[in-house]
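Heads up, my_file.txt below (compact mmCIF, C-alpha atoms):
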# COMPACT_ATOMS: atom_id res chain seq x y z
CA MET A 1 14.74 -18.74 6.16
CA PHE A 2 14.64 -14.98 6.63
CA LYS A 3 11.04 -13.74 7.01
CA ILE A 4 10.03 -10.59 5.14
CA GLY A 5 6.63 -8.93 4.87
CA LEU A 6 6.16 -6.88 1.72
CA ASP A 7 3.44 -4.63 0.34
CA ILE A 8 4.12 -3.11 -3.08
CA GLY A 9 1.24 -0.67 -3.10
CA TYR A 10 0.20 1.80 -5.77
CA GLY A 11 1.56 4.66 -3.67
CA ASN A 12 4.40 3.20 -1.63
CA THR A 13 6.34 -0.01 -1.11
CA LYS A 14 6.45 -1.08 2.53
CA ILE A 15 8.77 -3.73 3.99
CA ILE A 16 9.07 -5.19 7.47
CA THR A 17 11.42 -8.01 8.52
CA GLU A 18 11.39 -10.56 11.31
CA ASP A 19 14.07 -8.61 13.15
CA GLY A 20 12.02 -5.40 13.07
CA HIS A 21 13.69 -3.61 10.15
CA LYS A 22 11.17 -1.35 8.39
CA LEU A 23 11.49 0.42 5.06
CA CYS A 24 9.20 2.49 2.84
CA PHE A 25 9.75 4.12 -0.55
CA PRO A 26 7.55 5.37 -3.41
CA SER A 27 6.41 2.62 -5.78
CA LEU A 28 8.18 4.15 -8.76
CA ALA A 29 10.72 2.67 -11.14
CA LYS A 30 12.39 3.57 -14.41
CA PRO A 31 15.26 2.12 -16.41
CA GLY A 32 18.40 4.11 -15.68
CA GLU A 33 22.15 4.03 -15.79
CA LYS A 34 24.84 3.36 -13.25
CA LEU A 35 25.94 6.47 -11.43
CA THR A 36 29.13 7.22 -9.58
CA MET A 37 28.62 8.24 -5.97
CA ASP A 38 29.64 11.84 -6.62
CA LYS A 39 26.77 12.15 -9.13
CA MET A 40 24.19 10.80 -6.69
CA LEU A 41 22.32 12.86 -4.13
CA SER A 42 22.89 9.85 -1.86
CA ALA A 43 19.73 10.19 0.21
CA VAL A 44 18.98 7.12 2.29
CA ASP A 45 15.94 6.23 0.20
CA ASP A 46 17.57 6.74 -3.21
CA TYR A 47 17.99 3.41 -4.97
CA VAL A 48 20.03 2.84 -8.10
CA ALA A 49 19.82 -0.94 -8.43
CA THR A 50 21.40 -3.18 -11.03
CA ILE A 51 19.15 -6.22 -11.27
CA ASN A 52 20.40 -9.15 -13.32
CA GLY A 53 22.59 -6.73 -15.25
CA GLU A 54 19.91 -4.08 -15.90
CA THR A 55 20.04 -0.77 -14.02
CA TRP A 56 16.89 0.78 -12.52
CA PHE A 57 16.13 3.97 -10.61
CA ILE A 58 13.78 3.00 -7.77
CA GLY A 59 11.68 4.97 -5.29
CA ASN A 60 12.66 8.59 -4.73
CA MET A 61 15.47 8.25 -7.25
CA ALA A 62 12.84 7.43 -9.89
CA ALA A 63 10.72 10.36 -8.69
CA LYS A 64 13.66 12.72 -9.18
CA GLU A 65 14.09 11.34 -12.69
CA HIS A 66 10.31 11.37 -13.08
CA ARG A 67 10.14 11.38 -16.85
CA PHE A 68 9.15 7.88 -17.95
CA ALA A 69 8.98 6.67 -14.34
CA VAL A 70 6.42 3.88 -13.95
CA ARG A 71 3.97 3.48 -11.10
CA ALA A 72 2.58 -0.03 -11.38
CA PHE A 73 0.00 -1.59 -11.68
CA ASP A 74 -3.18 -1.50 -13.66
CA ASP A 75 -3.31 -5.13 -14.79
CA THR A 76 -4.22 -8.12 -12.63
CA GLN A 77 -0.97 -9.84 -13.63
CA ARG A 78 1.07 -6.90 -12.41
CA PHE A 79 3.93 -9.14 -11.33
CA THR A 80 4.77 -9.66 -15.02
CA ASN A 81 5.58 -5.94 -15.24
CA PRO A 82 9.40 -5.40 -15.32
CA ALA A 83 9.00 -2.30 -13.15
CA PHE A 84 7.15 -4.33 -10.51
CA GLN A 85 9.87 -6.97 -10.59
CA ALA A 86 12.55 -4.29 -10.21
CA MET A 87 10.79 -2.86 -7.15
CA LEU A 88 10.38 -6.35 -5.69
CA ALA A 89 14.07 -7.20 -6.15
CA THR A 90 15.19 -3.85 -4.75
CA ALA A 91 12.90 -4.08 -1.71
CA LEU A 92 14.16 -7.56 -0.83
CA ALA A 93 17.81 -6.66 -1.41
CA ALA A 94 17.50 -3.51 0.71
CA VAL A 95 16.71 -5.56 3.84
CA ALA A 96 18.21 -9.01 3.20
CA ASP A 97 21.71 -10.34 3.71
CA THR A 98 24.18 -10.84 0.87
CA GLU A 99 23.04 -14.44 0.41
CA SER A 100 19.44 -14.89 1.55
CA ASN A 101 16.79 -17.56 1.34
CA ILE A 102 13.59 -15.66 1.97
CA LEU A 103 10.19 -16.58 3.34
CA LEU A 104 8.01 -13.84 1.87
CA VAL A 105 4.62 -12.80 3.20
CA THR A 106 2.73 -10.51 0.85
CA GLY A 107 -0.71 -9.77 -0.50
CA LEU A 108 -2.78 -8.94 -3.54
CA PRO A 109 -5.64 -6.44 -3.87
CA LEU A 110 -9.08 -8.03 -3.60
CA SER A 111 -9.78 -7.07 -7.21
CA SER A 112 -7.07 -9.42 -8.46
CA TYR A 113 -6.68 -11.96 -5.64
CA ALA A 114 -9.07 -14.63 -6.95
CA ILE A 115 -7.65 -14.40 -10.49
CA SER A 116 -3.95 -14.04 -9.75
CA GLU A 117 -3.18 -15.66 -6.39
CA LYS A 118 -1.96 -19.01 -7.73
CA ASP A 119 0.10 -17.48 -10.56
CA PHE A 120 1.57 -14.84 -8.24
CA LYS A 121 2.63 -17.45 -5.70
CA LYS A 122 4.17 -19.59 -8.43
CA PHE A 123 6.08 -16.54 -9.68
CA LEU A 124 7.33 -15.65 -6.19
CA ASN A 125 8.44 -19.19 -5.39
CA ASN A 126 10.71 -19.12 -8.43
CA PHE A 127 11.95 -15.56 -7.97
CA THR A 128 15.70 -15.01 -7.93
CA ALA A 129 17.74 -11.91 -8.65
CA GLU A 130 21.29 -10.64 -8.44
CA VAL A 131 20.96 -7.11 -7.12
CA GLU A 132 23.70 -4.51 -6.77
CA ILE A 133 23.05 -1.44 -4.63
CA ASN A 134 25.85 0.99 -3.75
CA GLY A 135 28.44 -1.50 -4.93
CA ILE A 136 27.14 -4.35 -2.76
CA ILE A 137 25.92 -7.41 -4.66
CA LYS A 138 23.20 -9.56 -3.12
CA ASN A 139 21.82 -12.83 -4.46
CA ILE A 140 18.13 -12.91 -3.62
CA LYS A 141 16.03 -16.05 -3.63
CA VAL A 142 12.44 -16.45 -2.45
CA LYS A 143 12.38 -19.95 -1.01
CA GLN A 144 8.76 -19.87 0.13
CA SER A 145 5.88 -17.41 -0.09
CA HIS A 146 2.47 -16.83 1.45
CA VAL A 147 -0.02 -14.71 -0.50
CA PHE A 148 -3.15 -13.31 1.14
CA PRO A 149 -5.84 -10.79 0.28
CA GLN A 150 -4.02 -7.63 1.34
CA ALA A 151 -6.43 -6.79 4.14
CA ALA A 152 -5.97 -10.25 5.70
CA GLY A 153 -2.40 -9.38 6.65
CA ILE A 154 -3.72 -7.67 9.73
CA PHE A 155 -4.68 -11.01 11.27
CA LEU A 156 -1.09 -12.29 11.08
CA ASN A 157 0.08 -9.73 13.61
CA PRO A 158 0.60 -10.97 17.18
CA LEU A 159 -1.07 -7.74 18.30
CA CYS A 160 -4.30 -9.07 16.79
CA GLU A 161 -4.45 -11.63 19.62
CA GLU A 162 -5.81 -8.89 21.87
CA PHE A 163 -8.52 -8.10 19.33
CA LYS A 164 -9.53 -11.79 19.12
CA LYS A 165 -10.39 -11.80 22.82
CA ASN A 166 -13.38 -9.58 22.07
CA ILE A 167 -14.98 -11.73 19.36
CA MET A 168 -16.72 -15.10 19.36
CA PRO A 169 -16.69 -17.94 16.82
CA GLY A 170 -19.05 -17.05 13.97
CA ASP A 171 -18.58 -13.30 14.37
CA LEU A 172 -17.76 -11.25 11.28
CA THR A 173 -14.92 -8.76 11.08
CA THR A 174 -14.57 -6.32 8.18
CA VAL A 175 -11.22 -4.74 7.41
CA ILE A 176 -11.54 -1.44 5.51
CA ASP A 177 -8.08 -0.95 4.04
CA ILE A 178 -7.77 2.57 2.60
CA GLY A 179 -4.84 2.83 0.24
CA TYR A 180 -3.45 5.38 -2.16
CA ARG A 181 -5.63 4.47 -5.12
CA THR A 182 -8.34 2.08 -3.90
CA THR A 183 -10.06 0.85 -0.76
CA ASP A 184 -10.42 -2.86 -0.06
CA VAL A 185 -13.43 -3.88 2.05
CA ALA A 186 -12.69 -7.44 3.16
CA THR A 187 -14.93 -9.44 5.49
CA PHE A 188 -13.80 -12.47 7.49
CA LYS A 189 -15.62 -14.97 9.72
CA PHE A 190 -13.82 -16.01 12.91
CA THR A 191 -13.88 -19.79 13.40
CA GLY A 192 -12.37 -19.69 16.86
CA GLU A 193 -8.92 -20.45 15.48
CA HIS A 194 -8.55 -18.43 12.29
CA PHE A 195 -10.32 -15.98 9.99
CA GLU A 196 -12.08 -17.26 6.87
CA PHE A 197 -12.45 -14.88 3.93
CA VAL A 198 -16.13 -14.13 3.08
CA LEU A 199 -16.26 -13.19 -0.60
CA GLU A 200 -19.96 -12.23 -0.51
CA TYR A 201 -19.27 -9.14 1.60
CA SER A 202 -15.87 -8.22 0.16
CA PHE A 203 -15.08 -5.81 -2.66
CA THR A 204 -12.69 -3.15 -3.95
CA LEU A 205 -13.85 0.46 -4.12
CA ASP A 206 -12.31 2.90 -6.57
CA GLU A 207 -11.75 5.45 -3.81
CA GLY A 208 -8.56 6.16 -1.91
CA MET A 209 -6.26 9.01 -0.95
CA VAL A 210 -5.82 9.85 -4.62
CA SER A 211 -9.53 10.79 -4.63
CA VAL A 212 -8.77 13.37 -1.94
CA PHE A 213 -5.71 14.70 -3.75
CA ARG A 214 -7.56 14.89 -7.06
CA ASP A 215 -10.28 17.14 -5.62
CA ILE A 216 -7.77 19.33 -3.81
CA ALA A 217 -5.66 19.63 -6.96
CA HIS A 218 -8.73 20.73 -8.91
CA LYS A 219 -9.53 23.43 -6.32
CA MET A 220 -5.91 24.60 -6.23
CA ALA A 221 -5.85 24.88 -10.03
CA GLU A 222 -8.99 27.03 -9.92
CA ASP A 223 -7.55 29.31 -7.23
CA MET A 224 -4.19 29.60 -9.01
CA GLU A 225 -5.84 30.03 -12.42
CA VAL A 226 -3.67 27.30 -13.93
CA PHE A 227 -4.57 24.30 -16.05
CA ASN A 228 -3.67 21.63 -13.49
CA VAL A 229 -1.82 20.93 -10.24
CA SER A 230 0.06 17.72 -9.51
CA PHE A 231 -1.24 15.25 -6.94
CA GLU A 232 2.10 15.59 -5.14
CA ASN A 233 1.45 19.33 -4.60
CA ALA A 234 -2.11 18.57 -3.54
CA GLU A 235 -0.84 16.03 -1.01
CA ARG A 236 1.47 18.64 0.51
CA THR A 237 -1.49 21.03 0.79
CA PHE A 238 -3.56 18.33 2.48
CA LEU A 239 -0.83 17.54 4.99
CA SER A 240 0.02 21.18 5.77
CA ASN A 241 -3.50 22.69 5.47
CA SER A 242 -1.82 25.52 3.56
CA CYS A 243 -1.33 26.49 -0.06
CA ARG A 244 0.72 29.37 -1.50
CA ILE A 245 -1.33 31.32 -4.05
CA ASN A 246 -0.09 34.51 -5.70
CA GLY A 247 2.74 34.73 -3.18
CA LYS A 248 0.48 34.42 -0.15
CA ASP A 249 -0.17 31.47 2.16
CA THR A 250 -3.81 30.42 1.91
CA ASN A 251 -5.49 28.28 4.56
CA TYR A 252 -6.95 25.11 3.03
CA GLY A 253 -8.08 23.53 6.30
CA ASP A 254 -11.82 23.82 5.62
CA ILE A 255 -11.42 22.67 2.01
CA ASN A 256 -9.39 19.67 3.14
CA LYS A 257 -12.10 18.70 5.64
CA LEU A 258 -14.84 18.89 2.99
CA VAL A 259 -12.87 16.81 0.52
CA ALA A 260 -11.90 14.23 3.15
CA GLN A 261 -15.53 13.97 4.25
CA LYS A 262 -16.65 13.37 0.67
CA THR A 263 -14.29 10.40 0.30
CA VAL A 264 -15.24 8.93 3.67
CA ASP A 265 -18.94 9.29 2.81
CA SER A 266 -18.37 7.28 -0.39
CA ILE A 267 -16.61 4.52 1.57
CA ALA A 268 -19.32 4.44 4.25
CA ASP A 269 -22.11 4.31 1.64
CA ALA A 270 -20.42 1.41 -0.17
CA TYR A 271 -19.95 -0.47 3.12
CA ARG A 272 -23.63 -0.07 4.01
CA GLN A 273 -24.80 -1.19 0.57
CA ARG A 274 -22.35 -4.02 -0.19
CA GLY A 275 -20.76 -5.04 3.09
CA PRO A 276 -22.17 -7.25 5.84
CA ALA A 277 -23.92 -4.35 7.56
CA LYS A 278 -27.00 -4.90 5.40
CA ASN A 279 -27.54 -8.39 6.89
CA HIS A 280 -25.23 -8.90 9.86
CA ASP A 281 -23.43 -7.06 12.61
CA SER A 282 -19.70 -6.84 11.99
CA PHE A 283 -16.65 -5.61 13.84
CA VAL A 284 -14.84 -3.03 11.72
CA ILE A 285 -11.09 -2.46 11.58
CA MET A 286 -9.73 0.59 9.76
CA ALA A 287 -6.34 -0.05 8.15
CA GLY A 288 -4.00 1.39 5.55
CA GLY A 289 -2.32 4.76 5.35
CA GLY A 290 -5.58 6.42 4.37
CA SER A 291 -7.18 5.43 7.67
CA LEU A 292 -4.62 7.57 9.50
CA ALA A 293 -4.96 10.53 7.14
CA LEU A 294 -8.79 10.41 7.31
CA HIS A 295 -8.96 9.60 11.00
CA ASP A 296 -11.43 12.29 12.12
CA PRO A 297 -14.21 11.79 9.54
CA LEU A 298 -13.78 8.00 9.80
CA LYS A 299 -14.41 8.10 13.56
CA THR A 300 -17.68 9.90 12.86
CA ALA A 301 -18.77 7.56 10.07
CA PHE A 302 -17.63 4.40 11.91
CA PRO A 303 -17.79 5.32 15.62
CA ASN A 304 -17.21 1.76 16.86
CA ALA A 305 -14.39 0.87 14.48
CA VAL A 306 -10.89 -0.06 15.63
CA LEU A 307 -8.18 2.10 14.06
CA TRP A 308 -5.21 -0.13 13.26
CA LYS A 309 -2.03 1.89 13.62
CA MET A 310 0.40 -0.86 12.67
CA PRO A 311 1.45 -1.84 9.14
CA ASN A 312 -0.57 -4.54 7.39
CA LEU A 313 2.54 -6.67 6.99
CA LEU A 314 2.85 -8.66 10.13
CA MET A 315 5.35 -11.32 11.04
CA GLN A 316 4.95 -14.44 13.17
Translate this structure into structure tokens?
Amino acid sequence: MFKIGLDIGYGNTKIITEDGHKLCFPSLAKPGEKLTMDKMLSAVDDYVATINGETWFIGNMAAKEHRFAVRAFDDTQRFTNPAFQAMLATALAAVADTESNILLVTGLPLSSYAISEKDFKKFLNNFTAEVEINGIIKNIKVKQSHVFPQAAGIFLNPLCEEFKKNIMPGDLTTVIDIGYRTTDVATFKFTGEHFEFVLEYSFTLDEGMVSVFRDIAHKMAEDMEVFNVSFENAERTFLSNSCRINGKDTNYGDINKLVAQKTVDSIADAYRQRGPAKNHDSFVIMAGGGSLALHDPLKTAFPNAVLWKMPNLLMQ
């Protein structure tokens, strides 16, 4: 079986395969129509996929055709959403062979793991799709799946073996996984052989990179004297530390720092109040794309934390 790690996040879909192939595209989908190649912009991460006879624009292609594009996934049973299924099929077809039996490693947010894990695994183990991308047809079949709380994926990485050398059986480790929309705080107890999920000290916080972009967008709208600014424009301002207002480049470095600090403070407060810190010492691992973007204030708030620079989808 061909091993694939997959994370269909609220912001981006990330894929990594057993042979080291990595892929990332925006988690966006919309029903579309087949296009001839001369009508396509043909960027590498443009996907026009025909899935079981139905055509979808996926990723950046959906963003370009943004009207009616869907970004999953507000419900706990998000895998029943046709847009989610289209992204799943496209992601697998983009990295698999023409005929593939797949062993899929994936995760669910903490907020829906306890409710949906069994149903999600049952869905995945029966998932098949005929997918056509750029004229190539692939028959996708998930032969076996493993579903974890998303933050637990970090412990499947061989690189985690080095981390394990520093902890003893009974020690707690908390993974703070900062995503686009939410932050998962997941605590695990090390048994000496594996990590056991500790529900008591685990929770989902409604803070993520979108919290940063929302505040920056609000400030940009005030400065530009407009009604609103898109989160995409706010993200560009955050990444560049610059915003063009009335034809002039305006430095947003200090504003970005204040907004980033506000989000990190909320995460740190929640960890102190609801995580293991109130009763036990715990190793802390910072993960997710947000941990890289918020690196500096996180190092101040969590000075002893390990910053995980690898994806959370880890093959063995």
Radius query 9 Å about (-10.0, 6.8, 5.5), atoms used: only C-alpha atoms, as a short mmCIF file (atom, residue, chain, number, x, y, z; two decimals) with C-alpha atoms, keeping the file's coordinate frame:
data_model
loop_
_atom_site.label_atom_id
_atom_site.label_comp_id
_atom_site.auth_asym_id
_atom_site.auth_seq_id
_atom_site.Cartn_x
_atom_site.Cartn_y
_atom_site.Cartn_z
CA ILE A 176 -11.54 -1.44 5.51
CA ASP A 177 -8.08 -0.95 4.04
CA ILE A 178 -7.77 2.57 2.60
CA GLY A 179 -4.84 2.83 0.24
CA THR A 183 -10.06 0.85 -0.76
CA GLY A 208 -8.56 6.16 -1.91
CA MET A 209 -6.26 9.01 -0.95
CA ALA A 260 -11.90 14.23 3.15
CA THR A 263 -14.29 10.40 0.30
CA VAL A 264 -15.24 8.93 3.67
CA ILE A 267 -16.61 4.52 1.57
CA MET A 286 -9.73 0.59 9.76
CA ALA A 287 -6.34 -0.05 8.15
CA GLY A 288 -4.00 1.39 5.55
CA GLY A 289 -2.32 4.76 5.35
CA GLY A 290 -5.58 6.42 4.37
CA SER A 291 -7.18 5.43 7.67
CA LEU A 292 -4.62 7.57 9.50
CA ALA A 293 -4.96 10.53 7.14
CA LEU A 294 -8.79 10.41 7.31
CA HIS A 295 -8.96 9.60 11.00
CA ASP A 296 -11.43 12.29 12.12
CA PRO A 297 -14.21 11.79 9.54
CA LEU A 298 -13.78 8.00 9.80
#
Residues within 7 Å of stretch 224-239 of chain A, all atoms listed in the file, excluding chain neighbours under 4 positions, as number ranges by chain: A: 213-214, 216-218, 220, 243, 245, 256
Identify which of the residues A:Lys14, A:Lys143, A:Arg181, A:Lys189 lies closest to A:Lys164, counting all atoms listed in the file when measuring atom-to-atom distances.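 Between A:Lys14, A:Lys143, A:Arg181, A:Lys189, the residue approaching A:Lys164 most closely is A:Lys189.
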Which is closest to A:Pro31 among A:Trp56, A:Phe79, A:Phe197, A:Tyr10, if we use all atoms listed in the file? A:Trp56
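Relative to atom CA of A:Val175, atom CA of A:Arg274 is found at 13.5 Å.
Computed from the coordinates, the atom CA of A:Glu207 to atom CA of A:Trp308 distance equals 19.1 Å.
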Residues within 9 Å of (4.5, -1.7, -1.3), file coords, all atoms listed in the file, listed as an NGL selection string: :A and (6-15 or 24-27 or 87-88 or 91)
Atom pair atom CA of A:Tyr47 / atom CA of A:Tyr113: separation (Å):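 Result for atom CA of A:Tyr47 versus atom CA of A:Tyr113: 29.1 Å, one decimal.
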Could you list, as a list in words, every residue within 8 Å of A:Val142, counting only C-alpha atoms and ignoring same-chain residues fewer than 4 positions away?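 Residues near the query, excluding close chain neighbours: Asn101, Ile102, Leu103, Leu104, Leu124, Asn125, Asn126, Phe127 and Thr128 of chain A.
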Which residue gives the smallest distance to A:Tyr201 among A:Gly135, A:Gly20, A:Pro276, A:Gly247, with all atoms listed in the file counted?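 For A:Tyr201, the nearest of the given residues is A:Pro276.
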